[in-house]
Amino acid sequence: RLAATIGIDGASGALLPVPLRPGGRNVGGTMSWGEARAIAPFPEGSPFQGLKIPGEVTVKAQVLAEPGPELAAHTIAALEDGTPLVTRSELGEGQVVLFHVTANAEWSGLPLSGLFVDMLDRLAISSTPNRATSAELLGTTWVAERVMDAYGGLSPAEGVAGVPGERLAVGPSAEDMPPGIYASADQHLALNAITADRALEAAVWPQGVAVEGLDQAAERPLKGWVLALALAFGLADVLATLVVSGRLIRLRAAPAALALMLALPLGSSRAEAAGDDAKLIAAAGGMELAYVLTGDARVDAVAKAGLAGLSQVLILRTSVEPGDPVGVNLDTDELSVYAFLYWPITVDQPAPSAEAYAKLNRFLQLGGLILFDTRDADIAGADGASPEARHLQELAAPLEIPPLEPIPFDHVLTRSFYLLQDFPGRYVGQAVWVEAAPPGAERAEGMPFRNLNDGVTPVVIGGNDWAAAWAINDSGQPMFPVGRGMAGDRQREIAYRFGVNLIMHVLSGNYKSDQVHVPALLERLGQ
């Protein structure tokens with residue numbers, strides 16, 4: 001009966017967003033599609049965009065919309081074959097939304113699923129009425145429950161008196177009426193920090209005013225200099241006392257005192273240099289996995305714990321015995337003593353200096369490898385345009401990076417130690433990029449991979465958050481969950497195997513690709 005009526009644009013004015021075709025479509029009927037259909041991902045602009053669709057929710061019958069040029073504009077959810085499942089149309093000052101299935105499980109499992117509840121929640125939010133007027137709130141008193149601080153966070157309100165409803169309706173926020181959530185009886189209202197008619201523009205500062213960012217200057221230790229200065233004043237006081245008292249006829253002690261004063265800062269500098277030299281000697285004398293210090297204490301701690309977990313796996317399974325992971329400051333530390341550098345990307349980390357970029361390019365030219373990890377595979381879209389990915393593009397622009405491609409099936413990283421098909425971390429699904437194969441690379445007869453050169457890809461780029469999957473705590477247990485149940489344990493194991501392959505590739509290059517030369521070598525030996 002519903003399908004036989006006429007839509008909003010028809011003469012009868014029925015409450016339908018689009019005209020419907022009589023008869024509908026179902027499994028096994030006249031207009032059958034053979035089997036139940038799944039729901040397609042919700043398109044951009046739909047109120048349901050971003051909702052996760054359970055695999056068990058399918059549709060086996062529905063009412064059909066009449067095809068037309070306006071149908072796509074009214075469709076906010078569809079099946080995998082493009083058939084509209086939920087349509088919407090404006091009617092007066094409101095909207096009419098139609099689910100093209102019954103409200104029980106006869107036609108579809110959607111109405112009994114949690115997805116249906118989430119969809120109704122989204123529709124309720126999109127149909128929220130306009131803010132109440134001062135006349136509607138006249139005579140009411142509202143009390144702040146949570147107020148907004150200067151950083152945009154909400155905290156419990158303390159010491160904020162109640163405000164009249166008519167004042168709350170028109171705003172704006174004030175010292176005695178801060179922005180936040182206000183309640184009256186069982187109603188709640190939000191007071192924004194600014195009114196809707198206020199336009200935000202970039203500040204224009206007068207010429208000559210220095211505009212500084214939020215970057216903090218690096219701390220510089222002054223303890224040695226201050227102690228040396230205090231000791232110098234002390235010695236000067238002793239000399240002056242001896243001269244005044246007549247006990248020091250000749251200032252023979254002055255040269256010695258001056259030499260002592262000059263030697264103190266020099267000794268401090270030598271001690272600091274000795275410490276730096278010891279760090280470089282330790283790194284050059286063994287194998288240490290290094291990570292870039294981002295300035296975010298939490299991210300740096302996860303990177304250190306991740307490389308510690310990977311080092312433990314390398315010690316247990318290979319002949320590689322790395323030392324403790326080392327955090328490096330790109331502006332001050334020497335990179336030539338390291339072979340591998342893990343670089344987690346954060347949105348607010350500052351770009352290195354020009355000198356640091358010169359060191360990074362030299363590091364890549366000498367055979368070092370940088371693993372860039374945007375850690376955004378759980379939120380990045382198909383184009384990878386997350387804030388971390390965009391910031392990575394800015395950070396990597398000055399680097400001399402060759403053309404890249406997703407890891408091909410025959411890349412040496414798939415077999416440098418373990419045989420791998422995927423490269424997960426804490427997340428899966430995002431492509432992992434390496435240096436593109438040379439144009440002339442061809443697969444040798446009888447070999448499963450191409451004849452590649454002996455170099456190491458200078459960069460590996462991905463967003464699967466490998467450090468979180470590798471990370472262990474002080475007791476050797478994983479710090480973060482990965483997947484669920486046995487599938488999660490398997491995913492963590494594959495993440496460790498990718499790390500092992502990565503380090504073996506750094507240390508040995510594409511040595512396994514040399515197998516393509518075996519037939520020629522055997523033929524030459526036979527001659």
# chains A, B, ... in the order shown; residues from 1 in each chain; ligands from 1
>>> residues_around(residues="A:Ala495", least_positions_apart="2", cutoff="10 Å", atoms="only C-alpha atoms", output="list in words")
Leu310, Asp422, Phe423, Pro424, Gly425, Arg426, Tyr427, Val428, Asn464, Asp465, Trp466, Ala467, Ala468, Ala469, Trp470, Val482, Asp489, Arg490, Gln491, Arg492, Glu493, Arg497, Phe498, Gly499, Val500 and Asn501 of chain A
>>> residues_around(residues="A:Ala339", least_positions_apart="3", cutoff="10 Å", atoms="only C-alpha atoms", output="PyMOL selection string")
chain A and resi 283-284+287-290+335-336+363-364+366-370+503+506-507
>>> residues_around(residues="A:Gly180", least_positions_apart="2", cutoff="12 Å", atoms="only C-alpha atoms", output="PyMOL selection string")
chain A and resi 142-150+152-157+160+168+171-174+176-178+182-183+188-194
>>> closest_residue(among="A:Glu201, A:Thr140, A:Phe48, A:Ala135", to="A:Val170", atoms="only C-alpha atoms")
A:Ala135
>>> closest_residue(among="A:Tyr418, A:Phe42, A:Val101, A:Phe480", to="A:Thr318", atoms="only C-alpha atoms")
A:Tyr418
>>> select_by_dssp(residues="stretch 184-240 of chain A", states="alpha helix (DSSP H)", output="list in words")
Lys223, Gly224, Trp225, Val226, Leu227, Ala228, Leu229, Ala230, Leu231, Ala232, Phe233, Gly234, Leu235, Ala236, Asp237, Val238, Leu239 and Ala240 of chain A
>>> write_last_selection(atoms="N, CA and C atoms", output="short mmCIF file (atom, residue, chain, number, x, y, z; two decimals), in the first residue's frame")
data_model
loop_
_atom_site.label_atom_id
_atom_site.label_comp_id
_atom_site.auth_asym_id
_atom_site.auth_seq_id
_atom_site.Cartn_x
_atom_site.Cartn_y
_atom_site.Cartn_z
N LYS A 223 74.69 25.45 34.94
CA LYS A 223 75.22 25.15 36.27
C LYS A 223 76.73 25.30 36.32
N GLY A 224 77.44 24.77 35.32
CA GLY A 224 78.90 24.83 35.33
C GLY A 224 79.41 26.25 35.29
N TRP A 225 78.77 27.08 34.42
CA TRP A 225 79.20 28.47 34.29
C TRP A 225 78.94 29.25 35.58
N VAL A 226 77.78 29.04 36.19
CA VAL A 226 77.44 29.76 37.42
C VAL A 226 78.39 29.37 38.55
N LEU A 227 78.68 28.07 38.68
CA LEU A 227 79.62 27.64 39.73
C LEU A 227 81.02 28.21 39.49
N ALA A 228 81.42 28.22 38.22
CA ALA A 228 82.74 28.79 37.91
C ALA A 228 82.79 30.28 38.25
N LEU A 229 81.70 31.00 37.93
CA LEU A 229 81.67 32.42 38.25
C LEU A 229 81.70 32.66 39.76
N ALA A 230 80.95 31.83 40.52
CA ALA A 230 80.94 31.97 41.97
C ALA A 230 82.34 31.71 42.54
N LEU A 231 83.01 30.67 42.02
CA LEU A 231 84.36 30.37 42.51
C LEU A 231 85.33 31.49 42.15
N ALA A 232 85.16 32.11 40.97
CA ALA A 232 86.02 33.22 40.57
C ALA A 232 85.86 34.40 41.51
N PHE A 233 84.60 34.72 41.86
CA PHE A 233 84.39 35.81 42.82
C PHE A 233 84.99 35.47 44.18
N GLY A 234 84.89 34.20 44.58
CA GLY A 234 85.48 33.79 45.85
C GLY A 234 86.99 33.96 45.86
N LEU A 235 87.63 33.55 44.78
CA LEU A 235 89.09 33.69 44.69
C LEU A 235 89.49 35.16 44.65
N ALA A 236 88.70 35.98 43.92
CA ALA A 236 89.00 37.41 43.89
C ALA A 236 88.90 38.04 45.27
N ASP A 237 87.90 37.60 46.03
CA ASP A 237 87.75 38.11 47.39
C ASP A 237 88.93 37.71 48.27
N VAL A 238 89.41 36.47 48.12
CA VAL A 238 90.57 36.02 48.90
C VAL A 238 91.80 36.83 48.55
N LEU A 239 92.03 37.07 47.26
CA LEU A 239 93.20 37.84 46.84
C LEU A 239 93.13 39.27 47.35
N ALA A 240 91.93 39.86 47.25
CA ALA A 240 91.78 41.24 47.73
C ALA A 240 92.04 41.32 49.23
#
>>> residues_around(residues="A:Ala169", least_positions_apart="2", cutoff="8 Å", atoms="only C-alpha atoms", output="list in words")
Arg131, Ala132, Thr133, Ser134, Leu137, Gly165, Glu166, Arg167 and Gly171 of chain A
>>> atom_distance(atom1="atom CA of A:Asp378", atom2="atom CA of A:Gln49")
15.8 Å
